[in-house]
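Asks: The structure follows.
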Amino acid sequence: MRTKQEYIERLRTMRRNIYVNGEKIARDDEMQMPTINTIGLTFDYAADPKHDGLCTAISHLTGEKINRFNHIHHSKEDLHKKQDMTRLLCQVAGGCIQRCMGIDGSNAIYNVSYEADKMNNGATEYHKNFKKWLERFQKEDLVGCCAQTDVKGDRMKRPSQQKDPDMYVRVVERKSDGIVVRGSKVHNSEASVADEILVLPTRALLPEEKDWAVAFAVPGDWEGVKQVVSIHNLRERQYFKRGFTPGATDSYTIFDDCFVPWERVFLCGETIHGGVCALLFALFHRHSYSGCKPALGDLMLGTVALAAEYNGIAKASHVRDKLAEIIRVSELGYAAGFTASEMGKPEVYIPGVGFRPYGPGSYIPNSIYANVGRCLTGEAVFREAEILCDVSGGIPATFPYEGDFMNPETKDLLYKYITRNPDIHPEDAAQLWRYVGDLACSATGGIHMYGAFHGGGSPIMEAIAITSQYDIESRKKLVKQLAGIKDRKVNPENKDKK
Ligand SMILES: Cc1cc2nc3c(=O)[nH]c(=O)nc-3n(C[C@H](O)[C@H](O)[C@H](O)COP(=O)(O)OP(=O)(O)OC[C@H]3O[C@@H](n4cnc5c(N)ncnc54)[C@H](O)[C@@H]3O)c2cc1C
């Protein structure tokens with residue numbers, strides 16, 4: 001396994017293809033350091049014997065110890081540990097730990113590449129190629145990100161119906177030694193600090209949409225790849241530093257007629273599997289959310305509780321109700337993820353058919369529970385921000401600048417006038433309101449709320465997954481029985497008129 005320093009050293013050797021605000025920057029540019037420090041925690045924790053077995057796993061390919069973020073789940077225990085590791089690391093980072101896209105993308109492709117080869121009766125070697133890629137990914141402890149979301153152009157049109165076919169990443173040429181791809185993925189978290197970018201489809205595809213059924217992996221600085229990056233750093237503190245300062249980045253990852261050799265292609269033209277790959281990545285990713293969202297809930301709970309205490313209103317009954325609301329959502333989200341792990345198996349649910357074996361035997365979380373958990377916690381993000389706003393009052397929104405707490409002309413006056421609860425040292429109160437400002441009154445705080453709401457798919461996507469996979473018919477039958485409604489045969493002439 002690598003150290004954080006070795007991770008940074010490798011980033012330094014990468015080709016400059018990162019564009020930020022009109023300039024090309026190096027990967028270890030100061031602006032990217034908060035993000036690099038956040039991912040750095042995944043190396044530090046894996047090396048710490050206290051977290052051995054939680055943040056590490058044993059590779060099923062080599063039998064060697066690896067970082068759990070590069071592991072393929074092979075048991076319920078693995079799924080539980082992924083959830084718990086994610087919760088722990090997000091608590092420490094104070095938000096997204098940013099390495100889950102790699103584990104979720106590789107677990108999806110691991111299964112799909114196997115099934116595609118099976119369907120192709122040995123004519124393709126996607127799975128063998130993927131395993132070769134995975135072995136290096138694990139051995140060298142690389143950081144992966146996942147580029148799934150296409151720019152999508154006209155939302156009401158399919159990939160093949162778009163005026164510009166490049167609105168979804170597609171294959172524009174098939175050669176003897178590889179393929180040429182064109183298009184842009186968007187909102188790709190941490191692609192600018194990733195060693196490898198895993199690329200897979202966004203949606204279900206029609207049989208004639210073969211060019212869009214493509215999955216592959218390329219290094220982040222690969223020839224033909226340009227990343228236009230937005231960097232979400234907190235307002236810098238000069239005097240009153242935070243305990244830990246996280247960062248995040250998101251890329252428009254543009255494939256400008258980018259050549260990908262066959263050994264890095266894991267799906268090319270198998271439309272059915274393209275759709276399953278999209279669903280599976282979303283499923284694994286929503287399961288990751290059952291770790292990170294409870295962590296965000298933990299942080300929100302702690303923040304609201306401190307805000308109430310520092311405002312001297314901790315005993316007010318409306319505060320208790322609000323704390324209970326945050327706990328309810330976080331722990332139900334965690335419980336849903338726990339159940340998804342516990343019910344995990346090497347099978348996927350096919351609507352109308354039921355569970356069917358899928359992939360070479362690795363474990364897939366239960367889809368219903370992964371989706372309901374993510375839906376519940378994802379949609380609560382703005383409600384929780386509202387609770388924090390309510391309990392804090394206006395103070396974090398208009399809090400004076402750090403310098404005014406240093407200036408002898410204003411310092412003592414400010415500490416006097418921000419004091420609310422006499423038991424709280426005003427310097428501690430000031431640090432809390434700065435923290436709340438970062439969380440809820442900053443551009444970065446707003447961006448994280450968008451990520452927490454839409455990441456892994458907008459709520460409507462979860463609603464579709466839940467309702468298309470849930471056995472609603474059996475519930476209708478239950479009620480018909482109770483209500484005494486006869487099970488009549490539908491007149492075939494009226495069948496399509498519903
Ligand atoms: C901070 C952040 C980080 C992210 N990280 C990643 C990442 O690392 N990798 C990655 O691949 N993706 C990532 N995402 C993308 C995320 O998965 C998408 O934002 C999400 O899937 C929604 O897609 P969209 O942003 O294109 O929204 P849109 O699709 O534009 O959705 C906008 C609205 O339109 C609705 N809508 C869309 N299409 C239709 C339709 N056909 N019919 C009816 N309504 C429709 C949606 O339900 C929604 O209400 C990230 C997003 C954010 C905000």
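Order determines the names: the first chain of the structure tokens is A, the second B, and so forth; residues in each chain are numbered 1 upward, and ligands are numbered 1 upward as they are shown.
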Just the residues within 12 Å of Leu267 of chain A, please, counting only C-alpha atoms, with nothing from its chain fewer than 5 positions along; format it as a count of residues only.
Replies: 44
Asks: Which parts of segment 305-457 of chain A does DSSP call helix (DSSP H, G or I) when run on the backbone here, written out as a VMD selection string?
Replies: chain A and resid 305 to 310 317 to 342 367 to 379 381 to 392 402 to 405 411 to 418 426 to 440 443 to 454
Asks: Residues within 9 Å of ligand 1 (only C-alpha atoms and all ligand atoms), as a VMD selection string?
Replies: chain A and resid 98 100 to 101 145 to 158 185 to 191 199 to 202 248 to 251 282 447 to 461
Asks: Just the residues within 10 Å of Tyr369 of chain A, please, counting only C-alpha atoms, with nothing from its chain fewer than 3 positions along; format it as JSON, numbers by chain.
Replies: {"A": [283, 286, 287, 290, 333, 335, 336, 337, 338, 339, 340, 341, 343, 365, 366, 372, 373, 374, 375, 466]}
Asks: Next, dump the selected residues to file, keeping only C-alpha atoms, as a PDB file, in the first residue's frame.
Replies:
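Now in out_26.pdb:
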ATOM      1  CA  LEU A 283     -26.440   0.802  -6.790  1.00  0.00           C
ATOM      2  CA  ARG A 286     -25.998   4.566  -3.292  1.00  0.00           C
ATOM      3  CA  HIS A 287     -24.777   1.908  -0.899  1.00  0.00           C
ATOM      4  CA  SER A 290     -25.412   4.755   3.427  1.00  0.00           C
ATOM      5  CA  GLY A 333     -30.215   5.660   6.339  1.00  0.00           C
ATOM      6  CA  ALA A 335     -29.946   0.845   8.906  1.00  0.00           C
ATOM      7  CA  ALA A 336     -31.053   0.683   5.273  1.00  0.00           C
ATOM      8  CA  GLY A 337     -27.425   0.389   4.169  1.00  0.00           C
ATOM      9  CA  PHE A 338     -26.769  -2.236   6.838  1.00  0.00           C
ATOM     10  CA  THR A 339     -29.737  -4.257   5.580  1.00  0.00           C
ATOM     11  CA  ALA A 340     -28.571  -3.811   1.974  1.00  0.00           C
ATOM     12  CA  SER A 341     -25.210  -5.296   3.039  1.00  0.00           C
ATOM     13  CA  MET A 343     -29.027  -9.059   2.150  1.00  0.00           C
ATOM     14  CA  PRO A 365     -25.906  -4.957  -2.043  1.00  0.00           C
ATOM     15  CA  ASN A 366     -29.686  -5.284  -2.013  1.00  0.00           C
ATOM     16  CA  VAL A 372     -34.526   3.804  -0.014  1.00  0.00           C
ATOM     17  CA  GLY A 373     -31.671   4.716   2.331  1.00  0.00           C
ATOM     18  CA  ARG A 374     -30.001   7.057  -0.141  1.00  0.00           C
ATOM     19  CA  CYS A 375     -33.337   8.612  -1.091  1.00  0.00           C
ATOM     20  CA  ILE A 466     -37.459   1.498  -6.035  1.00  0.00           C
TER      21      ILE A 466
END
Asks: Give me the residues near Ser392 of chain A as a compact mmCIF listing (two decimals) with C-alpha atoms, in the first residue's frame, where near means some atom within 9 Å (using only C-alpha atoms) and where sequence neighbours in that chain fewer than 2 positions away do not count.
Replies:
# COMPACT_ATOMS: atom_id res chain seq x y z
CA VAL A 304 -26.83 21.83 15.66
CA ALA A 307 -25.19 25.82 18.11
CA ALA A 308 -28.07 25.27 20.53
CA TYR A 310 -23.69 28.12 22.48
CA ASN A 311 -26.94 30.03 21.97
CA ILE A 387 -32.66 23.13 10.97
CA LEU A 388 -29.11 24.43 11.39
CA CYS A 389 -30.16 27.85 10.09
CA ASP A 390 -33.10 27.91 12.48
CA GLY A 394 -28.34 34.84 11.78
CA ILE A 395 -24.92 34.92 13.43
CA PRO A 396 -22.97 32.67 10.99
CA TRP A 433 -19.85 30.21 13.99
CA VAL A 436 -21.24 26.89 10.57
Asks: Quick one: residues within 12 Å of Lys81 of chain A, only C-alpha atoms, excluding same-chain residues fewer than 6 positions away - as an MDAnalysis selection string?
Replies: chainID A and resid 51:57 68:69 71:75 87:89 287:288 290:291 337:338 341:342
